[in-house]
>>> print(open('input_1.cif').read())   # mmCIF, C-alpha atoms
data_model
loop_
_atom_site.label_atom_id
_atom_site.label_comp_id
_atom_site.auth_asym_id
_atom_site.auth_seq_id
_atom_site.Cartn_x
_atom_site.Cartn_y
_atom_site.Cartn_z
CA MET A 1 136.28 141.62 120.56
CA THR A 2 133.66 141.01 117.91
CA GLY A 3 133.06 137.73 116.16
CA MET A 4 133.71 135.57 119.19
CA GLU A 5 130.90 133.16 120.05
CA TRP A 6 131.42 133.31 123.77
CA GLU A 7 129.09 130.46 124.71
CA ALA A 8 130.29 128.06 122.02
CA ARG A 9 131.92 124.92 123.34
CA PRO A 10 134.43 123.87 120.69
CA ARG A 11 135.72 120.33 120.65
CA ARG A 12 138.98 119.03 119.31
CA ASN A 13 138.96 116.16 116.83
CA PRO A 14 138.90 113.01 119.00
CA GLU A 15 141.07 111.25 116.44
CA ALA A 16 143.93 113.65 117.17
CA ALA A 17 146.20 112.19 119.82
CA PHE A 18 147.48 114.74 122.29
CA ARG A 19 149.90 114.61 125.16
CA GLU A 20 151.79 117.14 127.23
CA TYR A 21 155.45 116.86 128.16
CA GLU A 22 156.95 119.34 130.59
CA GLY A 23 154.54 122.12 129.65
CA GLU A 24 154.58 121.60 125.91
CA ALA A 25 152.06 119.55 124.01
CA VAL A 26 152.50 117.20 121.06
CA VAL A 27 149.60 116.54 118.72
CA VAL A 28 149.43 113.74 116.19
CA LEU A 29 147.14 114.81 113.38
CA PRO A 30 144.32 112.38 112.52
CA SER A 31 145.98 111.54 109.22
CA GLY A 32 149.22 110.80 111.06
CA ALA A 33 151.01 112.74 108.35
CA GLU A 34 152.07 115.45 110.78
CA ILE A 35 153.13 115.53 114.38
CA ASN A 36 153.16 119.04 115.79
CA VAL A 37 154.46 120.64 118.95
CA LEU A 38 152.19 123.28 120.51
CA ASN A 39 153.51 126.16 122.56
CA PRO A 40 152.24 126.49 126.15
CA VAL A 41 149.28 128.70 125.13
CA GLY A 42 148.33 126.28 122.38
CA GLY A 43 148.66 123.36 124.75
CA LEU A 44 146.35 124.97 127.30
CA VAL A 45 143.73 125.87 124.69
CA PHE A 46 143.91 122.45 123.05
CA ARG A 47 143.40 120.75 126.41
CA LEU A 48 140.29 122.87 127.05
CA LEU A 49 138.75 122.09 123.65
CA ASP A 50 136.79 119.24 125.17
CA GLY A 51 133.25 120.32 124.25
CA ARG A 52 132.57 121.33 127.85
CA HIS A 53 134.49 124.58 128.22
CA THR A 54 132.99 127.70 126.63
CA MET A 55 135.03 130.15 124.60
CA ARG A 56 134.67 132.59 127.48
CA GLU A 57 136.20 130.08 129.88
CA ILE A 58 139.02 129.31 127.45
CA VAL A 59 139.88 132.97 126.98
CA ASP A 60 139.67 133.55 130.73
CA ALA A 61 142.03 130.61 131.28
CA VAL A 62 144.58 132.04 128.85
CA CYS A 63 144.34 135.47 130.51
CA GLY A 64 144.77 133.97 133.96
CA GLU A 65 147.56 131.54 133.11
CA PHE A 66 149.68 133.81 130.96
CA GLU A 67 148.74 137.23 132.33
CA VAL A 68 147.83 138.71 128.96
CA PRO A 69 145.11 141.32 128.30
CA ALA A 70 141.73 139.93 127.22
CA GLU A 71 141.93 141.44 123.73
CA GLU A 72 145.29 139.83 123.09
CA ALA A 73 144.04 136.50 124.43
CA VAL A 74 140.98 136.65 122.13
CA GLN A 75 143.16 137.29 119.10
CA ASP A 76 145.54 134.49 120.03
CA VAL A 77 142.75 131.99 120.65
CA GLN A 78 140.93 132.90 117.43
CA ALA A 79 144.10 132.61 115.38
CA PHE A 80 144.89 129.26 116.99
CA LEU A 81 141.38 127.90 116.33
CA ASP A 82 141.63 129.00 112.68
CA GLU A 83 144.85 127.07 112.40
CA LEU A 84 143.30 124.00 114.01
CA ARG A 85 140.37 124.15 111.58
CA GLY A 86 142.86 124.18 108.72
CA HIS A 87 144.30 120.93 110.01
CA ARG A 88 140.88 119.35 110.67
CA LEU A 89 141.62 119.38 114.37
CA LEU A 90 138.26 120.87 115.36
CA VAL A 91 134.92 119.09 114.98
CA MET B 1 147.57 100.75 86.76
CA ASP B 2 147.54 99.81 90.41
CA ARG B 3 145.39 96.85 91.31
CA TYR B 4 143.42 96.63 94.54
CA PRO B 5 143.83 93.23 96.23
CA ASP B 6 141.00 90.72 96.26
CA TRP B 7 141.04 89.95 99.97
CA ALA B 8 138.42 87.20 99.75
CA ALA B 9 140.47 85.34 97.13
CA LEU B 10 143.54 85.59 99.32
CA GLN B 11 141.66 83.87 102.12
CA GLY B 12 141.15 80.70 100.08
CA ALA B 13 144.33 80.66 97.98
CA PRO B 14 146.75 77.70 98.13
CA GLY B 15 150.10 77.86 99.86
CA PHE B 16 153.46 77.21 98.17
CA GLY B 17 154.01 74.06 100.22
CA THR B 18 153.54 72.62 103.68
CA SER B 19 156.62 73.93 105.48
CA GLU B 20 156.31 76.19 108.48
CA ARG B 21 158.78 78.57 110.05
CA PHE B 22 158.85 80.67 113.20
CA LEU B 23 160.25 84.18 113.50
CA ASP B 24 161.10 85.33 116.99
CA VAL B 25 161.99 88.95 117.63
CA ALA B 26 162.39 89.87 121.30
CA GLY B 27 159.95 87.17 122.31
CA MET B 28 157.32 88.18 119.76
CA THR B 29 157.05 84.93 117.85
CA VAL B 30 155.15 84.58 114.59
CA ARG B 31 154.45 81.25 112.88
CA LEU B 32 154.36 81.33 109.09
CA GLU B 33 152.91 78.34 107.27
CA GLY B 34 152.56 77.51 103.60
CA PHE B 35 156.22 77.75 102.57
CA SER B 36 157.86 75.52 99.99
CA ARG B 37 161.04 73.74 101.08
CA GLY B 38 163.13 76.24 99.15
CA GLN B 39 161.39 79.18 100.76
CA ALA B 40 161.87 77.63 104.20
CA ASP B 41 165.59 77.13 103.52
CA TRP B 42 165.92 80.75 102.47
CA PHE B 43 164.06 81.82 105.63
CA ASP B 44 166.53 79.90 107.84
CA ALA B 45 169.54 81.42 106.10
CA ARG B 46 168.11 84.92 106.09
CA TYR B 47 166.90 85.11 109.66
CA GLY B 48 169.48 82.94 111.41
CA VAL B 49 169.17 83.36 115.15
CA PHE B 50 165.71 84.89 114.72
CA ALA B 51 164.37 81.77 113.00
CA ALA B 52 162.98 80.21 116.14
CA ASP B 53 162.33 76.65 117.11
CA GLY B 54 158.55 76.65 117.40
CA ARG B 55 158.56 73.75 119.82
CA ARG B 56 160.58 75.72 122.35
CA ARG B 57 158.97 79.09 121.77
CA PRO B 58 155.30 78.78 120.79
CA ALA B 59 153.95 81.38 118.42
CA ARG B 60 151.27 83.82 119.49
CA TRP B 61 150.50 84.85 115.93
CA GLU B 62 150.01 82.79 112.78
CA ILE B 63 150.38 84.01 109.23
CA ALA B 64 149.21 81.94 106.27
CA VAL B 65 151.57 82.37 103.31
CA ARG B 66 149.64 81.99 100.08
CA GLN B 67 150.06 82.25 96.32
CA ALA B 68 148.60 85.57 95.24
CA ASP B 69 145.92 85.41 92.57
CA ALA B 70 147.32 88.52 90.87
CA GLY B 71 150.46 89.22 88.86
CA GLY B 72 151.06 92.35 90.92
CA TYR B 73 149.35 95.11 92.87
CA LEU B 74 151.09 98.50 92.85
CA GLN B 75 152.84 99.36 89.61
CA LEU B 76 156.16 101.12 89.25
CA ARG B 77 155.37 104.57 87.94
CA GLY B 78 158.32 104.70 85.59
CA GLY B 79 160.04 107.94 84.64
CA PRO B 80 163.66 109.00 85.00
CA GLU B 81 163.68 109.39 88.79
CA PRO B 82 164.03 106.32 91.02
CA GLU B 83 160.73 105.69 92.77
CA MET B 84 160.46 105.77 96.55
CA TYR B 85 159.21 102.42 97.77
CA ARG B 86 155.42 102.49 97.96
CA LEU B 87 153.24 100.56 100.37
CA GLU B 88 149.52 101.11 100.85
CA GLN B 89 147.67 100.44 104.07
CA GLU B 90 144.07 100.47 105.14
CA ARG B 91 142.19 99.26 108.13
CA GLU B 92 139.11 97.09 108.52
CA GLY B 93 138.16 96.84 112.18
CA THR B 94 141.22 95.58 114.03
CA ARG B 95 142.73 94.23 110.82
CA VAL B 96 145.50 96.11 109.02
CA ARG B 97 145.75 95.50 105.30
CA ALA B 98 148.99 96.24 103.51
CA TRP B 99 149.98 95.82 99.90
CA SER B 100 152.80 96.85 97.65
CA TYR B 101 154.17 95.87 94.23
CA ARG B 102 154.28 92.11 94.64
CA PHE B 103 152.35 91.25 97.79
CA ALA B 104 149.12 91.84 99.64
CA GLY B 105 148.48 90.81 103.19
CA TRP B 106 146.59 91.53 106.33
CA PHE B 107 147.43 91.30 109.98
CA ASP B 108 145.52 91.59 113.20
CA VAL B 109 147.44 91.75 116.48
CA ALA B 110 144.68 89.66 118.05
CA ALA B 111 144.25 87.08 115.32
CA GLY B 112 147.32 86.76 113.06
CA GLY B 113 147.05 87.22 109.33
CA ALA B 114 147.63 86.10 105.77
CA LEU B 115 150.09 87.06 103.08
CA GLY B 116 149.65 86.62 99.34
CA LEU B 117 152.91 86.62 97.38
CA CYS B 118 153.14 87.09 93.62
CA ASP B 119 156.56 85.42 93.49
CA GLY B 120 157.55 82.07 94.90
CA GLU B 121 161.27 82.69 94.77
CA GLY B 122 163.99 85.23 94.09
CA ARG B 123 164.11 88.89 94.88
CA GLY B 124 160.35 89.38 94.54
CA PHE B 125 159.64 86.70 97.14
CA GLU B 126 162.38 87.81 99.52
CA SER B 127 161.67 91.53 99.57
CA SER B 128 157.90 91.04 99.67
CA LEU B 129 158.04 88.67 102.62
CA GLU B 130 160.42 90.91 104.54
CA ASN B 131 158.50 94.11 103.84
CA PHE B 132 155.29 92.51 105.07
CA LEU B 133 157.05 91.26 108.19
CA ARG B 134 158.26 94.80 108.85
CA VAL B 135 154.65 95.96 108.86
CA VAL B 136 153.70 93.11 111.17
CA TYR B 137 156.45 93.88 113.67
CA ALA B 138 155.75 97.62 113.57
CA HIS B 139 152.28 96.85 114.89
CA LEU B 140 153.46 94.19 117.33
CA ALA B 141 156.04 96.61 118.74
CA LEU B 142 153.37 99.23 119.35
CA GLU B 143 151.20 96.60 121.01
CA ALA B 144 154.14 95.77 123.28
CA GLY B 145 154.50 99.41 124.34
CA GLY B 146 157.47 100.12 122.09
CA PHE B 147 158.01 101.07 118.49
CA LEU B 148 159.79 100.15 115.30
CA PHE B 149 162.02 103.08 114.53
CA HIS B 150 163.32 104.20 111.14
CA ALA B 151 166.89 104.68 112.33
CA ALA B 152 170.44 103.43 112.22
CA GLY B 153 171.59 101.92 115.49
CA VAL B 154 175.20 101.57 116.55
CA VAL B 155 176.35 100.04 119.84
CA ARG B 156 179.47 101.48 121.43
CA GLY B 157 180.53 100.99 125.02
CA GLY B 158 177.53 98.74 125.59
CA ARG B 159 175.00 101.44 124.71
CA ALA B 160 173.00 102.08 121.55
CA PHE B 161 173.25 105.35 119.66
CA LEU B 162 170.23 105.81 117.41
CA PHE B 163 170.62 108.03 114.35
CA PHE B 164 167.43 108.92 112.56
CA GLY B 165 165.87 111.09 109.89
CA PRO B 166 164.09 110.70 106.58
CA SER B 167 165.52 108.79 103.64
CA GLY B 168 168.69 110.50 102.46
CA SER B 169 169.45 112.12 105.82
CA GLY B 170 172.54 109.98 106.39
CA LYS B 171 171.54 106.88 108.37
CA THR B 172 173.53 104.50 106.21
CA THR B 173 176.41 106.99 106.08
CA THR B 174 176.65 107.23 109.86
CA ALA B 175 176.50 103.45 110.15
CA ARG B 176 179.35 103.11 107.64
CA LEU B 177 181.37 105.72 109.55
CA SER B 178 181.05 103.78 112.79
CA ALA B 179 184.14 101.60 112.86
CA GLY B 180 184.65 100.05 116.26
CA GLY B 181 180.96 99.87 116.93
CA ARG B 182 178.42 97.14 116.37
CA VAL B 183 175.90 98.20 113.76
CA LEU B 184 172.47 96.89 114.72
CA SER B 185 170.91 98.22 111.53
CA ASP B 186 171.15 101.21 109.22
CA ASP B 187 167.44 101.12 108.53
CA LEU B 188 165.15 99.89 111.31
CA ILE B 189 165.59 99.57 115.05
CA LEU B 190 163.19 98.03 117.50
CA VAL B 191 162.77 100.04 120.71
CA LEU B 192 161.02 98.25 123.55
CA PRO B 193 160.44 98.93 127.23
CA GLY B 194 162.66 96.82 129.46
CA GLU B 195 162.95 96.47 133.20
CA GLY B 196 161.68 99.46 135.11
CA LYS B 197 160.19 100.79 131.86
CA ARG B 198 163.67 101.73 130.69
CA PHE B 199 163.60 101.51 126.93
CA ARG B 200 166.18 99.48 125.08
CA ALA B 201 167.27 99.10 121.48
CA VAL B 202 166.71 95.53 120.37
CA SER B 203 168.44 93.67 117.58
CA ILE B 204 166.12 92.75 114.74
CA PRO B 205 166.40 90.66 111.60
CA PHE B 206 165.64 93.64 109.31
CA ARG B 207 169.10 95.02 108.82
CA GLY B 208 169.43 97.37 105.88
CA HIS B 209 172.68 97.48 103.94
CA VAL B 210 175.45 97.63 106.52
CA ALA B 211 174.66 95.41 109.49
CA GLU B 212 175.65 91.78 109.71
CA LEU B 213 173.19 89.14 110.85
CA PRO B 214 173.79 88.96 114.63
CA ASP B 215 174.71 85.64 116.20
CA GLU B 216 172.52 86.32 119.22
CA GLN B 217 169.45 88.31 120.08
CA ALA B 218 170.45 91.17 122.32
CA SER B 219 169.21 94.48 123.61
CA PHE B 220 171.05 97.58 124.74
CA PRO B 221 170.32 100.67 126.84
CA ILE B 222 169.86 103.73 124.68
CA ALA B 223 172.50 106.44 124.94
CA GLY B 224 170.55 108.95 122.87
CA PHE B 225 168.45 109.73 119.82
CA TYR B 226 170.21 111.79 117.14
CA ARG B 227 168.22 113.50 114.38
CA LEU B 228 170.65 113.75 111.48
CA VAL B 229 171.29 117.10 109.81
CA LYS B 230 173.90 117.26 107.05
CA ASP B 231 176.19 120.20 107.67
CA GLN B 232 179.76 121.45 107.30
CA GLU B 233 180.35 121.44 111.03
CA VAL B 234 179.72 118.95 113.80
CA ARG B 235 177.53 120.02 116.68
CA LEU B 236 174.81 118.69 118.91
CA GLU B 237 171.64 120.66 119.47
CA PRO B 238 169.62 119.39 122.44
CA LEU B 239 165.86 119.23 121.97
CA GLU B 240 163.23 119.82 124.61
CA ARG B 241 161.25 116.69 125.40
CA ALA B 242 158.14 117.61 123.40
CA ARG B 243 160.21 118.54 120.37
CA GLY B 244 162.19 115.34 120.80
CA VAL B 245 159.02 113.26 120.97
CA SER B 246 157.74 114.96 117.84
CA GLU B 247 160.95 114.28 115.93
CA VAL B 248 161.22 110.65 117.00
CA ALA B 249 157.51 109.93 116.48
CA GLY B 250 157.81 111.33 112.96
CA SER B 251 160.21 108.49 112.12
CA LEU B 252 157.95 105.56 112.94
CA PRO B 253 157.09 103.59 109.83
CA PHE B 254 153.71 102.00 109.04
CA VAL B 255 151.81 103.01 112.18
CA THR B 256 151.44 106.81 112.15
CA ASP B 257 148.69 106.87 109.52
CA ARG B 258 146.20 105.31 111.92
CA PRO B 259 144.54 107.75 114.32
CA GLU B 260 143.89 105.08 116.92
CA ASN B 261 147.64 104.55 117.24
CA GLY B 262 148.37 108.18 118.09
CA LEU B 263 148.15 107.89 121.87
CA ARG B 264 150.15 104.67 121.92
CA ILE B 265 152.85 106.33 119.87
CA LEU B 266 153.01 109.34 122.17
CA GLU B 267 153.07 107.06 125.21
CA ALA B 268 155.84 104.83 123.89
CA VAL B 269 158.01 107.54 122.40
CA GLY B 270 157.46 109.76 125.43
CA GLY B 271 158.67 106.92 127.65
CA ALA B 272 161.75 106.28 125.54
CA VAL B 273 162.66 109.95 125.31
CA ALA B 274 162.25 110.35 129.09
CA GLY B 275 165.22 108.02 129.55
CA ALA B 276 167.46 109.13 126.70
CA PRO B 277 168.00 112.63 125.33
CA VAL B 278 167.17 113.71 121.80
CA TYR B 279 169.55 115.88 119.80
CA ARG B 280 169.82 117.29 116.35
CA LEU B 281 173.20 116.06 115.22
CA HIS B 282 174.79 118.33 112.64
CA PHE B 283 177.44 116.21 110.97
CA ARG B 284 179.69 116.06 107.97
CA LYS B 285 180.63 112.96 106.04
CA ASP B 286 183.46 111.76 108.27
CA PRO B 287 183.66 109.99 111.64
CA SER B 288 184.26 113.21 113.60
CA PHE B 289 180.67 113.26 114.83
CA TRP B 290 181.49 110.35 117.13
CA GLU B 291 183.73 112.51 119.28
CA ALA B 292 180.90 114.96 119.96
CA VAL B 293 178.34 112.21 120.45
CA GLU B 294 180.43 110.15 122.85
CA GLN B 295 181.57 113.19 124.82
CA GLN B 296 177.95 114.21 125.32
CA ALA B 297 177.05 110.68 126.34
CA ARG B 298 179.88 110.61 128.90
CA GLU B 299 178.82 113.95 130.34
CA ALA B 300 175.20 112.82 130.55
CA ARG B 301 176.26 109.77 132.56
CA ALA B 302 178.64 111.60 134.89
CA PRO B 303 177.23 112.33 138.34
CA ALA B 304 176.34 115.97 138.81
CA GLY B 305 179.00 117.97 140.66
CA PRO B 306 178.32 120.29 143.57
CA ALA B 307 176.26 123.31 142.66
CA ALA B 308 178.24 126.50 142.16
CA GLY B 309 177.89 129.27 144.73
#
>>> encode(input="input_1.cif", output="structure tokens")
Amino acid sequence: MTGMEWEARPRRNPEAAFREYEGEAVVVLPSGAEINVLNPVGGLVFRLLDGRHTMREIVDAVCGEFEVPAEEAVQDVQAFLDELRGHRLLV
Amino acid sequence: MDRYPDWAALQGAPGFGTSERFLDVAGMTVRLEGFSRGQADWFDARYGVFAADGRRRPARWEIAVRQADAGGYLQLRGGPEPEMYRLEQEREGTRVRAWSYRFAGWFDVAAGGALGLCDGEGRGFESSLENFLRVVYAHLALEAGGFLFHAAGVVRGGRAFLFFGPSGSGKTTTARLSAGGRVLSDDLILVLPGEGKRFRAVSIPFRGHVAELPDEQASFPIAGFYRLVKDQEVRLEPLERARGVSEVAGSLPFVTDRPENGLRILEAVGGAVAGAPVYRLHFRKDPSFWEAVEQQAREARAPAGPAAG
């Protein structure tokens, strides 16, 4: 579990529109060129990327909600954040 | 080379004449002034029942139609392949600017707009005016809680079946294979919230290639949204709501490139999809898809039977 900045409070791009429907989330990229569906884990993480929740709290939420081991949750969250950065969805 | 519009020059440019016309689509009435008599006559013939009497239905928005100071804006790129229609948009405050080959205009849902046309008559005038009006109504629809939808719409049994997908996916084909139905459009459909926030498909003056000009303005409950997939077999693949929203929202013209519209889009499309299912419709080039589509629609309407066990 190295490389994780546990006290960081990442924030999603406020220009990305986001809404959940029956447990799945839809995100409109700031450019509008893409509209993506997030799986339930992605939806939970995206919702918590509000600049208030720490990485530790986000990982804990994933562990608690989906009953996955902490190491797996860390890997999933890191991979998801990398993907969001690639789409300019993190500020 | 493409030419960027001179917006200040457009502001002070002369009109083609002193005629005015009103376009009413589902109660969203726009007044256009600055037409020549010939342009106004064409407008009446083109828009028929949508060409409103401004005395009876006052306009909320005004658009000044002006002679453009340029010979053109975007240039055809040439080459052997046919070019996809290009339209550029940008935003200045609440104002949306749009320009294409032979027009440049701006529109603000709070303040109306202006349109500079390079051509005073013929195909250049007609297509430029209509393409600008499509942009205008895409934004007005979003403001009204609905959306302009890149889709073919066919009414059967009093309900609208909306077939959508990118250019070349088969919208015009499905419209042509819809004998016995009323084709609203094979290109653009207006979807607006009606009573009880139930969304309806609304007839519009922008018709595509297949639809006739309607003799009345009408709206219809939506039976379903069908994302077209060309295939050798016919089948319907139901989509979960989020996936359905994503697919439908991806077919909204002119408004998805503005971040501030994102939430409105998700709200409107989410509302529409809550009341009508979304499917991927695998179809081949014959009318057989209608059997599958109508059977599904009948089953969706039938009251649920007693639970087994």
>>> residues_around(input="input_1.cif", residues="stretch 2-11 of chain B", least_positions_apart="4", cutoff="12 Å", atoms="all atoms listed in the file", output="MDAnalysis selection string")
chainID B and resid 15 63:77 86:90 92 95:107 113:118
>>> write_last_selection(input="input_1.cif", atoms="C-alpha atoms", output="PDB file, in the coordinates of the input")
ATOM      1  CA  GLY B  15     150.100  77.860  99.860  1.00  0.00           C
ATOM      2  CA  ILE B  63     150.380  84.010 109.230  1.00  0.00           C
ATOM      3  CA  ALA B  64     149.210  81.940 106.270  1.00  0.00           C
ATOM      4  CA  VAL B  65     151.570  82.370 103.310  1.00  0.00           C
ATOM      5  CA  ARG B  66     149.640  81.990 100.080  1.00  0.00           C
ATOM      6  CA  GLN B  67     150.060  82.250  96.320  1.00  0.00           C
ATOM      7  CA  ALA B  68     148.600  85.570  95.240  1.00  0.00           C
ATOM      8  CA  ASP B  69     145.920  85.410  92.570  1.00  0.00           C
ATOM      9  CA  ALA B  70     147.320  88.520  90.870  1.00  0.00           C
ATOM     10  CA  GLY B  71     150.460  89.220  88.860  1.00  0.00           C
ATOM     11  CA  GLY B  72     151.060  92.350  90.920  1.00  0.00           C
ATOM     12  CA  TYR B  73     149.350  95.110  92.870  1.00  0.00           C
ATOM     13  CA  LEU B  74     151.090  98.500  92.850  1.00  0.00           C
ATOM     14  CA  GLN B  75     152.840  99.360  89.610  1.00  0.00           C
ATOM     15  CA  LEU B  76     156.160 101.120  89.250  1.00  0.00           C
ATOM     16  CA  ARG B  77     155.370 104.570  87.940  1.00  0.00           C
ATOM     17  CA  ARG B  86     155.420 102.490  97.960  1.00  0.00           C
ATOM     18  CA  LEU B  87     153.240 100.560 100.370  1.00  0.00           C
ATOM     19  CA  GLU B  88     149.520 101.110 100.850  1.00  0.00           C
ATOM     20  CA  GLN B  89     147.670 100.440 104.070  1.00  0.00           C
ATOM     21  CA  GLU B  90     144.070 100.470 105.140  1.00  0.00           C
ATOM     22  CA  GLU B  92     139.110  97.090 108.520  1.00  0.00           C
ATOM     23  CA  ARG B  95     142.730  94.230 110.820  1.00  0.00           C
ATOM     24  CA  VAL B  96     145.500  96.110 109.020  1.00  0.00           C
ATOM     25  CA  ARG B  97     145.750  95.500 105.300  1.00  0.00           C
ATOM     26  CA  ALA B  98     148.990  96.240 103.510  1.00  0.00           C
ATOM     27  CA  TRP B  99     149.980  95.820  99.900  1.00  0.00           C
ATOM     28  CA  SER B 100     152.800  96.850  97.650  1.00  0.00           C
ATOM     29  CA  TYR B 101     154.170  95.870  94.230  1.00  0.00           C
ATOM     30  CA  ARG B 102     154.280  92.110  94.640  1.00  0.00           C
ATOM     31  CA  PHE B 103     152.350  91.250  97.790  1.00  0.00           C
ATOM     32  CA  ALA B 104     149.120  91.840  99.640  1.00  0.00           C
ATOM     33  CA  GLY B 105     148.480  90.810 103.190  1.00  0.00           C
ATOM     34  CA  TRP B 106     146.590  91.530 106.330  1.00  0.00           C
ATOM     35  CA  PHE B 107     147.430  91.300 109.980  1.00  0.00           C
ATOM     36  CA  GLY B 113     147.050  87.220 109.330  1.00  0.00           C
ATOM     37  CA  ALA B 114     147.630  86.100 105.770  1.00  0.00           C
ATOM     38  CA  LEU B 115     150.090  87.060 103.080  1.00  0.00           C
ATOM     39  CA  GLY B 116     149.650  86.620  99.340  1.00  0.00           C
ATOM     40  CA  LEU B 117     152.910  86.620  97.380  1.00  0.00           C
ATOM     41  CA  CYS B 118     153.140  87.090  93.620  1.00  0.00           C
TER      42      CYS B 118
END
>>> residues_around(input="input_1.cif", residues="A:Ala70", least_positions_apart="6", cutoff="9 Å", atoms="all atoms listed in the file", output="PyMOL selection string")
chain A and resi 1+59-60+62-63
>>> write_last_selection(input="input_1.cif", atoms="C-alpha atoms", output="PDB file, in the frame of the given file")
ATOM      1  CA  MET A   1     136.280 141.620 120.560  1.00  0.00           C
ATOM      2  CA  VAL A  59     139.880 132.970 126.980  1.00  0.00           C
ATOM      3  CA  ASP A  60     139.670 133.550 130.730  1.00  0.00           C
ATOM      4  CA  VAL A  62     144.580 132.040 128.850  1.00  0.00           C
ATOM      5  CA  CYS A  63     144.340 135.470 130.510  1.00  0.00           C
TER       6      CYS A  63
END
>>> interface_residues(input="input_1.cif", of="chain A", to="chain B", cutoff="9 Å", atoms="only C-alpha atoms", output="list in words")
Glu15, Ala16, Ala17, Phe18, Arg19, Glu20, Tyr21, Glu22, Gly23, Glu24, Ala25, Val26, Val27, Val28, Leu29, Pro30, Ser31, Gly32, Ala33, Glu34, Ile35, Asn36, Val37 and Leu38 of chain A
>>> atom_distance(input="input_1.cif", atom1="atom CA of B:Pro82", atom2="atom CA of B:Ala175")
23.0 Å
>>> resolve_selection(input="input_1.cif", expression="the PyMOL selection byres ((chain B and resi 224-228) around 10)", output="JSON, numbers by chain")
{"B": [151, 152, 153, 159, 160, 161, 162, 163, 164, 165, 166, 168, 169, 170, 171, 174, 221, 222, 223, 229, 230, 231, 236, 237, 238, 239, 244, 247, 248, 251, 272, 273, 275, 276, 277, 278, 279, 280, 281, 282, 283, 284, 293, 294, 296, 297, 300]}
>>> resolve_selection(input="input_1.cif", expression="the PyMOL selection byres ((chain B and resi 141-149) around 7)", output="list in words")
Tyr137, Ala138, His139, Leu140, His150, Ala151, Leu188, Ile189, Leu190, Val191, Leu192, Pro193, Ser251, Leu252, Pro253, Arg264 and Ala268 of chain B
>>> atom_distance(input="input_1.cif", atom1="atom CA of A:Gly51", atom2="atom CA of A:Ala8")
8.6 Å
>>> residues_around(input="input_1.cif", residues="B:Thr94", least_positions_apart="6", cutoff="8 Å", atoms="all atoms listed in the file", output="ChimeraX atom specification")
/B:108-110
>>> resolve_selection(input="input_1.cif", expression="the PyMOL selection byres ((chain B and resi 41-45) around 12)", output="CSV table (one decimal) with C-alpha atoms, in the frame of the given file")
chain,number,residue,atom,x,y,z
B,19,SER,CA,156.6,73.9,105.5
B,20,GLU,CA,156.3,76.2,108.5
B,21,ARG,CA,158.8,78.6,110.0
B,22,PHE,CA,158.8,80.7,113.2
B,23,LEU,CA,160.2,84.2,113.5
B,24,ASP,CA,161.1,85.3,117.0
B,32,LEU,CA,154.4,81.3,109.1
B,33,GLU,CA,152.9,78.3,107.3
B,35,PHE,CA,156.2,77.8,102.6
B,36,SER,CA,157.9,75.5,100.0
B,37,ARG,CA,161.0,73.7,101.1
B,38,GLY,CA,163.1,76.2,99.2
B,39,GLN,CA,161.4,79.2,100.8
B,40,ALA,CA,161.9,77.6,104.2
B,46,ARG,CA,168.1,84.9,106.1
B,47,TYR,CA,166.9,85.1,109.7
B,48,GLY,CA,169.5,82.9,111.4
B,49,VAL,CA,169.2,83.4,115.2
B,50,PHE,CA,165.7,84.9,114.7
B,51,ALA,CA,164.4,81.8,113.0
B,52,ALA,CA,163.0,80.2,116.1
B,53,ASP,CA,162.3,76.6,117.1
B,120,GLY,CA,157.6,82.1,94.9
B,121,GLU,CA,161.3,82.7,94.8
B,122,GLY,CA,164.0,85.2,94.1
B,123,ARG,CA,164.1,88.9,94.9
B,125,PHE,CA,159.6,86.7,97.1
B,126,GLU,CA,162.4,87.8,99.5
B,127,SER,CA,161.7,91.5,99.6
B,129,LEU,CA,158.0,88.7,102.6
B,130,GLU,CA,160.4,90.9,104.5
B,205,PRO,CA,166.4,90.7,111.6
B,213,LEU,CA,173.2,89.1,110.8
>>> atom_distance(input="input_1.cif", atom1="atom CA of B:Asp286", atom2="atom CA of B:Met84")
26.5 Å
